[in-house]
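> My file is query18.txt. It has compact mmCIF, C-alpha atoms:
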# COMPACT_ATOMS: atom_id res chain seq x y z
CA MET A 4 0.00 0.00 0.00
CA PHE A 5 1.34 3.42 -0.94
CA ILE A 6 0.94 5.91 1.92
CA ASP A 7 2.42 9.38 1.38
CA SER A 8 1.09 11.40 4.33
CA VAL A 9 0.56 10.65 8.03
CA LYS A 10 0.09 12.54 11.28
CA ILE A 11 1.56 11.30 14.56
CA LYS A 12 2.51 12.48 18.04
CA VAL A 13 6.11 12.27 19.24
CA LYS A 14 7.36 12.59 22.81
CA ALA A 15 11.05 12.68 23.67
CA GLY A 16 12.22 11.26 26.99
CA ASP A 17 12.46 13.43 30.09
CA GLY A 18 15.82 14.01 31.72
CA GLY A 19 16.51 12.04 34.88
CA ASN A 20 16.47 13.82 38.23
CA GLY A 21 19.70 14.69 39.98
CA LEU A 22 20.33 12.95 43.32
CA VAL A 23 20.84 14.32 46.82
CA ALA A 24 23.48 12.11 48.45
CA PHE A 25 26.49 12.43 50.74
CA ARG A 26 29.71 10.53 51.05
CA ARG A 27 29.52 8.56 54.30
CA GLU A 28 32.68 6.48 54.63
CA LYS A 29 34.11 5.73 58.04
CA TYR A 30 37.58 7.11 57.45
CA VAL A 31 36.60 10.05 55.22
CA PRO A 32 35.62 12.97 57.45
CA LEU A 33 33.50 15.69 55.92
CA GLY A 34 32.92 13.58 52.80
CA GLY A 35 30.61 16.14 51.31
CA PRO A 36 27.84 15.89 48.69
CA SER A 37 28.14 13.07 46.16
CA GLY A 38 24.80 13.06 44.33
CA GLY A 39 25.14 12.17 40.64
CA ASP A 40 23.49 13.77 37.64
CA GLY A 41 20.40 12.42 35.92
CA GLY A 42 20.75 10.91 32.44
CA LYS A 43 19.47 12.73 29.39
CA GLY A 44 16.19 11.69 27.85
CA GLY A 45 16.08 9.86 24.54
CA SER A 46 15.38 11.87 21.40
CA ILE A 47 13.10 11.03 18.47
CA ILE A 48 15.27 10.88 15.34
CA PHE A 49 14.19 10.31 11.74
CA GLU A 50 16.69 8.75 9.35
CA VAL A 51 16.46 8.35 5.57
CA ASP A 52 16.28 4.74 4.39
CA THR A 53 16.51 4.32 0.63
CA ASN A 54 14.90 0.88 0.90
CA LYS A 55 11.62 2.47 1.96
CA SER A 56 9.18 3.98 -0.54
CA THR A 57 6.10 4.62 1.60
CA LEU A 58 5.08 5.87 5.05
CA LEU A 59 3.01 2.74 5.65
CA ASP A 60 5.04 1.78 8.75
CA LEU A 61 3.83 4.94 10.48
CA ARG A 62 0.24 4.79 9.22
CA TYR A 63 -1.08 3.09 12.34
CA SER A 64 1.33 4.63 14.86
CA LYS A 65 -0.62 7.01 17.07
CA SER A 66 2.45 8.12 18.97
CA ILE A 67 6.18 7.51 19.31
CA VAL A 68 7.68 7.83 22.79
CA ALA A 69 11.35 7.73 23.80
CA LYS A 70 12.60 6.54 27.20
CA SER A 71 13.46 8.96 29.96
CA GLY A 72 16.89 9.24 31.50
CA GLY A 73 17.69 7.47 34.73
CA ALA A 74 18.00 9.29 38.04
CA GLY A 75 21.44 10.18 39.34
CA LYS A 76 23.21 7.77 41.72
CA ASN A 77 25.40 8.16 44.75
CA LYS A 78 29.21 8.36 44.57
CA LYS A 79 28.79 11.02 41.87
CA MET A 80 27.59 8.46 39.33
CA SER A 81 25.27 9.65 36.57
CA GLY A 82 22.02 7.95 35.66
CA ALA A 83 21.68 6.06 32.39
CA ASP A 84 20.77 8.04 29.27
CA GLY A 85 17.43 7.27 27.66
CA GLU A 86 17.86 5.44 24.38
CA ASP A 87 17.16 7.45 21.23
CA VAL A 88 14.33 6.20 19.03
CA ILE A 89 15.44 6.11 15.39
CA ILE A 90 12.63 5.92 12.82
CA LYS A 91 13.43 5.00 9.22
CA VAL A 92 11.60 7.10 6.61
CA PRO A 93 11.72 7.22 2.79
CA GLN A 94 13.96 9.65 0.97
CA GLY A 95 11.98 12.81 0.23
CA THR A 96 10.03 12.96 3.50
CA VAL A 97 9.03 16.42 4.75
CA VAL A 98 8.30 16.81 8.48
CA ARG A 99 6.23 19.72 9.83
CA ASP A 100 5.05 20.81 13.26
CA LEU A 101 1.24 20.87 13.21
CA LYS A 102 1.18 23.58 15.87
CA ASP A 103 2.26 26.28 13.40
CA ASN A 104 2.95 24.29 10.20
CA SER A 105 6.64 25.15 10.51
CA LEU A 106 9.20 22.99 8.73
CA ILE A 107 11.14 20.67 11.04
CA ALA A 108 13.09 18.66 8.47
CA ASP A 109 13.32 18.03 4.74
CA LEU A 110 14.94 14.60 4.45
CA VAL A 111 16.39 14.32 0.96
CA GLU A 112 19.98 13.09 1.44
CA VAL A 113 20.93 9.43 1.71
CA ASN A 114 21.32 8.44 5.42
CA GLN A 115 20.36 11.97 6.49
CA ARG A 116 19.23 12.28 10.10
CA ALA A 117 17.14 14.92 11.87
CA ILE A 118 16.19 15.29 15.53
CA ILE A 119 12.42 15.71 15.52
CA ALA A 120 11.92 15.90 19.30
CA LYS A 121 14.88 16.51 21.60
CA GLY A 122 15.24 14.68 24.88
CA GLY A 123 15.41 16.65 28.12
CA LYS A 124 18.70 17.29 29.88
CA GLY A 125 19.39 15.43 33.08
CA GLY A 126 19.20 17.36 36.35
CA LYS A 127 22.38 18.09 38.28
CA GLY A 128 23.13 16.28 41.52
CA ASN A 129 23.69 18.14 44.75
CA ARG A 130 27.48 17.96 44.39
CA HIS A 131 27.21 20.82 41.84
CA PHE A 132 25.59 23.16 44.36
CA ALA A 133 28.18 23.05 47.13
CA THR A 134 29.46 26.52 47.96
CA GLY A 135 31.40 28.19 50.75
CA ARG A 136 28.06 29.34 52.14
CA ASP A 137 26.48 25.87 51.93
CA SER A 138 28.95 22.99 51.85
CA ALA A 139 26.25 20.33 52.23
CA PRO A 140 23.36 21.29 49.94
CA GLU A 141 20.22 19.19 50.26
CA PHE A 142 19.11 20.22 46.82
CA ALA A 143 19.32 18.59 43.40
CA GLN A 144 17.92 19.62 40.06
CA PRO A 145 14.99 17.81 38.43
CA GLY A 146 15.47 16.72 34.84
CA GLU A 147 14.15 18.78 31.93
CA ILE A 148 10.94 17.76 30.19
CA GLY A 149 11.48 16.20 26.76
CA GLU A 150 9.92 17.86 23.73
CA ALA A 151 6.42 16.77 22.72
CA LYS A 152 5.00 17.56 19.29
CA GLU A 153 2.22 16.64 16.95
CA ILE A 154 3.75 16.37 13.50
CA SER A 155 2.82 15.65 9.91
CA LEU A 156 4.94 13.62 7.50
CA GLU A 157 4.55 14.06 3.79
CA LEU A 158 6.41 12.06 1.17
CA LYS A 159 7.38 13.96 -1.98
CA LEU A 160 9.03 11.68 -4.50
CA LEU A 161 12.61 12.30 -5.56
CA ALA A 162 12.27 12.05 -9.32
CA ASP A 163 14.18 13.98 -11.98
CA VAL A 164 11.34 13.83 -14.50
CA GLY A 165 7.59 13.84 -13.92
CA LEU A 166 4.96 12.72 -16.42
CA VAL A 167 1.96 15.04 -16.43
CA GLY A 168 -1.25 14.94 -18.42
CA PHE A 169 -4.91 13.98 -18.33
CA PRO A 170 -5.93 10.46 -17.31
CA SER A 171 -5.49 7.74 -19.96
CA VAL A 172 -3.16 9.73 -22.23
CA GLY A 173 -0.48 7.00 -21.99
CA LYS A 174 1.79 8.06 -19.12
CA SER A 175 1.89 4.60 -17.53
CA THR A 176 2.51 2.96 -20.90
CA LEU A 177 5.40 5.34 -21.56
CA LEU A 178 7.01 4.57 -18.20
CA SER A 179 6.66 0.82 -18.74
CA VAL A 180 8.37 1.16 -22.15
CA VAL A 181 11.36 3.26 -21.03
CA SER A 182 12.04 1.55 -17.67
CA ALA A 183 11.58 -1.70 -15.79
CA ALA A 184 8.64 -0.26 -13.82
CA LYS A 185 5.36 -2.16 -14.07
CA PRO A 186 2.53 0.32 -13.46
CA GLU A 187 -1.07 -0.81 -13.83
CA ILE A 188 -2.36 -0.08 -17.34
CA ALA A 189 -6.03 -0.20 -18.36
CA ASP A 190 -8.50 1.59 -20.65
CA TYR A 191 -10.29 3.56 -17.93
CA HIS A 192 -9.54 6.80 -16.12
CA PHE A 193 -7.45 6.97 -12.95
CA THR A 194 -5.91 3.55 -13.43
CA THR A 195 -2.87 5.00 -11.68
CA LEU A 196 -3.85 5.84 -8.11
CA LYS A 197 -0.31 6.07 -6.72
CA PRO A 198 2.98 7.36 -8.15
CA ASN A 199 5.32 4.90 -9.83
CA LEU A 200 9.06 5.39 -10.18
CA GLY A 201 11.32 3.97 -12.85
CA MET A 202 15.01 4.29 -13.69
CA VAL A 203 15.38 5.31 -17.34
CA GLN A 204 18.57 4.41 -19.22
CA VAL A 205 19.28 6.45 -22.36
CA LYS A 206 21.17 4.64 -25.14
CA ASP A 207 24.17 6.99 -24.79
CA GLY A 208 24.67 5.88 -21.15
CA ARG A 209 22.91 8.69 -19.33
CA SER A 210 20.17 7.85 -16.86
CA PHE A 211 17.51 9.55 -14.74
CA VAL A 212 14.53 8.77 -12.50
CA MET A 213 11.07 9.18 -14.03
CA ALA A 214 7.78 9.32 -12.11
CA ASP A 215 4.43 8.29 -13.57
CA LEU A 216 1.92 10.30 -11.58
CA PRO A 217 -1.86 10.11 -11.24
CA GLY A 218 -3.71 12.00 -13.96
CA LEU A 219 -4.73 15.62 -13.56
CA ILE A 220 -8.15 17.10 -14.21
CA GLU A 221 -9.41 20.64 -14.27
CA GLY A 222 -9.50 22.02 -10.73
CA ALA A 223 -6.75 19.74 -9.42
CA SER A 224 -4.91 22.68 -7.83
CA GLN A 225 -7.99 23.18 -5.63
CA GLY A 226 -8.04 19.49 -4.73
CA LYS A 227 -10.48 18.10 -7.29
CA GLY A 228 -9.94 14.57 -8.55
CA LEU A 229 -6.70 13.32 -7.06
CA GLY A 230 -5.68 16.98 -6.71
CA HIS A 231 -2.90 17.54 -4.22
CA GLU A 232 -2.37 13.77 -3.96
CA PHE A 233 -0.81 14.16 -7.41
CA LEU A 234 0.70 17.62 -7.36
CA ARG A 235 2.87 17.15 -4.27
CA HIS A 236 4.92 14.53 -6.08
CA ILE A 237 6.08 16.75 -8.93
CA GLU A 238 7.34 19.47 -6.60
CA ARG A 239 10.86 18.03 -6.68
CA CYS A 240 10.93 17.20 -10.41
CA ARG A 241 13.28 19.33 -12.48
CA VAL A 242 11.72 18.53 -15.87
CA LEU A 243 8.15 17.68 -16.83
CA ILE A 244 7.12 15.58 -19.80
CA HIS A 245 3.65 16.74 -20.79
CA VAL A 246 1.92 13.79 -22.43
CA ILE A 247 -1.06 14.62 -24.66
CA ASP A 248 -3.40 12.23 -26.47
CA ILE A 249 -2.90 13.59 -29.98
CA GLY A 250 -5.18 10.83 -31.31
CA SER A 251 -8.17 12.09 -29.26
CA VAL A 252 -9.02 8.52 -28.32
CA ASP A 253 -11.38 9.71 -25.57
CA GLY A 254 -12.88 12.44 -27.73
CA ARG A 255 -11.11 15.29 -25.90
CA ASN A 256 -9.35 18.15 -27.64
CA PRO A 257 -5.54 17.95 -27.07
CA ILE A 258 -5.26 21.73 -27.36
CA ASP A 259 -7.75 22.26 -24.53
CA ASP A 260 -6.09 19.53 -22.46
CA TYR A 261 -2.71 21.20 -22.82
CA LYS A 262 -4.07 24.58 -21.69
CA ILE A 263 -5.95 23.13 -18.72
CA ILE A 264 -2.99 21.17 -17.38
CA ASN A 265 -0.67 24.16 -17.62
CA GLU A 266 -3.21 26.33 -15.81
CA GLU A 267 -3.39 23.82 -12.97
CA LEU A 268 0.41 23.77 -12.70
CA LYS A 269 0.40 27.57 -12.63
CA GLN A 270 -2.20 27.73 -9.85
CA TYR A 271 -0.35 25.32 -7.55
CA GLU A 272 1.71 26.89 -4.77
CA TYR A 273 5.19 25.58 -5.64
CA ARG A 274 5.82 27.30 -8.99
CA LEU A 275 5.31 24.13 -11.00
CA SER A 276 4.74 26.11 -14.19
CA GLU A 277 8.38 27.24 -14.00
CA ARG A 278 9.62 23.70 -14.61
CA PRO A 279 10.80 23.24 -18.19
CA GLN A 280 8.44 21.05 -20.21
CA ILE A 281 8.82 18.62 -23.05
CA VAL A 282 5.61 17.92 -24.95
CA PHE A 283 5.10 14.34 -26.12
CA ALA A 284 2.25 13.90 -28.61
CA ASN A 285 1.34 10.29 -27.90
CA LYS A 286 -0.82 7.91 -29.95
CA ILE A 287 0.39 9.38 -33.26
CA ASP A 288 -0.59 6.09 -34.92
CA MET A 289 -4.32 6.84 -34.54
CA ASP A 290 -6.43 7.85 -37.55
CA ASN A 291 -6.95 11.56 -36.84
CA ALA A 292 -3.66 12.11 -35.00
CA LEU A 293 -1.82 13.95 -37.79
CA ASP A 294 -4.65 16.44 -38.27
CA ASN A 295 -4.73 17.11 -34.52
CA LEU A 296 -0.94 17.52 -34.46
CA LYS A 297 -1.12 20.07 -37.25
CA GLN A 298 -3.74 22.08 -35.34
CA PHE A 299 -1.72 21.82 -32.12
CA LYS A 300 1.45 23.18 -33.74
CA LYS A 301 -0.56 25.98 -35.30
CA GLU A 302 -2.00 26.91 -31.89
CA PHE A 303 1.40 26.67 -30.15
CA PRO A 304 4.04 27.51 -32.78
CA ASP A 305 6.77 28.11 -30.18
CA VAL A 306 6.33 24.73 -28.44
CA LYS A 307 8.70 21.95 -29.45
CA VAL A 308 6.62 18.78 -29.88
CA PHE A 309 7.97 15.22 -29.93
CA GLU A 310 5.55 12.89 -31.63
CA GLY A 311 5.33 9.15 -31.26
CA SER A 312 3.47 6.20 -29.84
CA ALA A 313 4.50 4.61 -26.58
CA ILE A 314 2.63 1.38 -27.23
CA ILE A 315 4.56 0.66 -30.47
CA HIS A 316 7.82 2.24 -29.21
CA GLU A 317 7.80 4.97 -31.85
CA GLY A 318 9.65 8.27 -31.21
CA ILE A 319 10.85 7.16 -27.78
CA ASP A 320 14.62 7.52 -28.30
CA GLU A 321 14.32 11.12 -29.50
CA LEU A 322 12.18 11.95 -26.46
CA LEU A 323 14.70 10.45 -24.02
CA TYR A 324 17.70 12.18 -25.63
CA ALA A 325 15.93 15.55 -25.40
CA THR A 326 14.95 14.90 -21.78
CA ALA A 327 18.51 14.01 -20.75
CA ASP A 328 19.84 17.12 -22.52
CA LEU A 329 17.36 19.34 -20.70
CA LEU A 330 18.14 17.76 -17.33
CA ALA A 331 21.84 18.50 -17.85
CA VAL A 332 21.17 22.26 -17.86
CA THR A 333 18.27 22.47 -15.39
CA PRO A 334 19.04 23.21 -11.70
CA GLN A 335 17.12 22.01 -8.70
CA PHE A 336 14.03 24.00 -7.75
CA PRO A 337 13.99 24.71 -3.99
CA LEU A 338 10.69 23.85 -2.34
CA TYR A 339 11.19 26.48 0.31
CA ASP A 340 12.45 30.04 0.20
CA GLU A 341 16.18 29.59 0.64
CA SER A 342 17.20 32.49 -1.56
CA VAL A 343 20.17 34.45 -0.25
CA ASP A 344 21.64 37.45 -2.03
CA ASN A 345 25.38 36.73 -2.06
CA THR A 346 26.24 39.71 -4.26
CA HIS A 347 26.26 42.18 -1.36
CA VAL A 348 27.21 41.92 2.27
CA VAL A 349 25.55 44.52 4.48
CA TYR A 350 26.48 44.76 8.13
CA ASN A 351 23.66 46.12 10.28
CA PHE A 352 23.42 46.35 14.03
CA ILE A 353 20.46 44.27 15.13
CA PRO A 354 19.70 44.59 18.84
CA GLU A 355 19.37 41.27 20.63
CA GLU A 356 15.77 40.37 21.27
CA SER A 357 14.81 40.22 24.93
CA GLU A 358 14.16 36.73 26.30
CA VAL A 359 11.63 38.19 28.73
CA GLU A 360 8.30 39.91 28.08
CA ILE A 361 6.28 41.50 30.88
CA LYS A 362 2.50 41.77 30.63
CA ASN A 363 0.54 44.06 32.95
CA LEU A 364 -2.62 42.20 34.06
CA GLY A 365 -3.86 45.08 36.24
CA ASN A 366 -4.61 45.03 39.98
CA ASN A 367 -0.86 44.90 40.74
CA GLN A 368 -0.46 41.62 38.84
CA TRP A 369 2.24 40.98 36.26
CA GLU A 370 2.81 38.01 33.96
CA VAL A 371 6.33 37.02 32.89
CA ILE A 372 6.30 35.54 29.37
CA SER A 373 9.56 33.72 28.67
CA GLU A 374 10.24 30.26 27.26
CA LYS A 375 13.57 30.16 29.06
CA ALA A 376 11.96 31.05 32.40
CA ASN A 377 9.37 28.32 31.82
CA ARG A 378 12.12 25.76 31.24
CA ILE A 379 14.03 26.90 34.33
CA ILE A 380 10.99 26.75 36.59
CA LYS A 381 10.40 23.11 35.67
CA THR A 382 13.87 22.19 37.01
CA ILE A 383 13.45 23.79 40.44
CA ASN A 384 12.53 21.98 43.64
CA PHE A 385 10.69 24.66 45.63
CA ASP A 386 10.39 22.37 48.66
CA LYS A 387 14.02 23.13 49.48
CA GLU A 388 15.38 26.49 50.56
CA GLU A 389 18.31 25.97 48.20
CA GLY A 390 15.92 25.55 45.31
CA VAL A 391 14.18 28.84 46.03
CA TYR A 392 17.53 30.61 46.33
CA SER A 393 18.77 29.05 43.08
CA PHE A 394 15.59 30.11 41.31
CA GLY A 395 16.01 33.71 42.43
CA VAL A 396 19.59 33.79 41.17
CA MET A 397 18.65 32.37 37.76
CA MET A 398 15.74 34.78 37.30
CA LYS A 399 18.04 37.69 38.10
CA LYS A 400 20.60 36.46 35.55
CA LEU A 401 17.85 36.08 32.95
CA GLY A 402 16.85 39.70 33.52
CA VAL A 403 13.40 39.11 34.97
CA ASP A 404 13.97 41.39 37.97
CA GLU A 405 15.13 44.30 35.83
CA ALA A 406 12.32 43.80 33.30
CA LEU A 407 9.71 43.87 36.07
CA ARG A 408 11.12 47.07 37.54
CA ASN A 409 11.23 48.72 34.13
CA ALA A 410 7.60 47.73 33.54
CA GLY A 411 6.56 49.35 36.84
CA ALA A 412 6.27 46.43 39.26
CA LYS A 413 6.34 47.44 42.94
CA ASP A 414 7.22 45.69 46.17
CA GLY A 415 4.44 43.23 47.07
CA ASP A 416 2.98 42.91 43.55
CA LEU A 417 1.90 39.43 42.35
CA ILE A 418 4.17 37.89 39.69
CA ILE A 419 2.92 35.02 37.53
CA ILE A 420 5.35 32.73 35.68
CA ASN A 421 3.66 29.86 33.89
CA GLU A 422 1.40 28.36 36.60
CA PHE A 423 3.47 29.64 39.53
CA ARG A 424 2.79 32.80 41.55
CA PHE A 425 5.33 34.83 43.53
CA GLU A 426 5.44 38.06 45.48
CA PHE A 427 7.75 40.70 44.05
CA VAL A 428 10.30 41.80 46.64
CA GLU A 429 12.61 44.73 46.03
Output the file's structure as structure tokens, nothing else.


Amino acid sequence: MFIDSVKIKVKAGDGGNGLVAFRREKYVPLGGPSGGDGGKGGSIIFEVDTNKSTLLDLRYSKSIVAKSGGAGKNKKMSGADGEDVIIKVPQGTVVRDLKDNSLIADLVEVNQRAIIAKGGKGGKGNRHFATGRDSAPEFAQPGEIGEAKEISLELKLLADVGLVGFPSVGKSTLLSVVSAAKPEIADYHFTTLKPNLGMVQVKDGRSFVMADLPGLIEGASQGKGLGHEFLRHIERCRVLIHVIDIGSVDGRNPIDDYKIINEELKQYEYRLSERPQIVFANKIDMDNALDNLKQFKKEFPDVKVFEGSAIIHEGIDELLYATADLLAVTPQFPLYDESVDNTHVVYNFIPEESEVEIKNLGNNQWEVISEKANRIIKTINFDKEEGVYSFGVMMKKLGVDEALRNAGAKDGDLIIINEFRFEFVE
């Protein structure tokens, strides 16, 4: 079964808690703190596997969870790290965060890896908190929470050449003739319901990957017919072979078909109309094919047309030579905006963005909005005096105190950080 899009939840492992422990050996006076650090949580990692061609393995996975790190041990020994979970995915998989549709990874290189959800850091044991003021701290740091995300995976085939055209124009037949691929071929529309890939070998030794894709119809860019199920797979193609039924076997007008398909490519979001096209007038052996070809060339005098018949292997070599020549001079088309102007280097001073935002809630209440403060607060044990002291020091270093004063907070005001509430003390 060909599955090219799935949605799943991933949860990285939490970091292990640091340990409060002391060295208690008979002949070692004042042994001091010896609590070890917690182990880091396991991460969720996706890795490209060229032996995979579908996301079927993940179709029925509701969630993927990595193990948490082990708690710290005495004698300054660290807890075990949580094992990373490595998921094999096909080459060409795009991973997005469903929260804001942001791109997490575009996995196109062989053996490429990407951390999808990062495991939490282990908490520090109490040996790290010994100071001249407190040589025996009864405080250790909890581990960080591992990342949790809801993600979408979308497979976009890595093909050099994509076959486009209306249903039943002969795309599958052409692929079966020029490669060892065996797509389903029949005399009804939408025989091809999933993309098929084939390695094409040109007689002069050059080769490229060709994709036979489900047929387009008018309105495909808005999702009609197979719509986006088709269009996503030609996003990576560098060259398109536009196959038209010049014999009008189904009674359609090849001129209208050509215009409709190009309009759908133009309307799609990834600039598909910018891909160079080669037009293949298929089924030239039919009775009225030559008359239709003459009309087509009259309508589009600037379009180079290769005529032939895939089923009787006519005109195929010329088509493949022209395709290989065009591929040699056509660059990759980036799916995402990665354009950088390297012709000029302009140095501007950009002030560093504050990591802390203060929101006035009224009635002497202030909310601290800061991702870093939220992460810190999750690692603090407020049951211990040392934890409260450590929290105050870290908030001061982060700039929370100064930001509150600048915003107008006064002694005794209520401060809210995440779900915690504190009294502001000058």

> Please identify all polymer residues within 6 Å of Asn285 of chain A, counting all atoms listed in the file, omitting same-chain residues fewer than 4 positions from it, and present them as a PyMOL selection string.

chain A and resi 247-249+311-312

> Near Gln115 of chain A, within 8 Å and counting only C-alpha atoms, which residues show up once chain neighbours fewer than 3 positions away are dropped, as a list of chain:residue names?

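Residues near the query, excluding close chain neighbours: A:Glu50, A:Val51, A:Leu110, A:Val111, A:Glu112.
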
> For segment 13-18 of chain A, list every protein, DNA or RNA residue within 7 Å, evaluated using all atoms listed in the file, and leave out those in the same chain fewer than 5 positions away; present the list as a ChimeraX atom specification.

/A:41-47,66-72,85,120-126,146-153

> Figure out the distance between atom CA of Asp52 of chain A and atom CA of Ile237 of chain A, please, to one decimal in Å.

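Here the two named atoms are 20.6 Å from each other.
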
> Interatomic distance between atom CA of Glu388 of chain A and atom CA of Phe132 of chain A?

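About the pair atom CA of Glu388 of chain A and atom CA of Phe132 of chain A: they are 12.4 Å apart.
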
> Neighbourhood query: residues within 7 Å of (-0.6, 11.2, -17.0), file coordinates, counting only C-alpha atoms; return as a PyMOL selection string.

chain A and resi 166-174+215-219+246
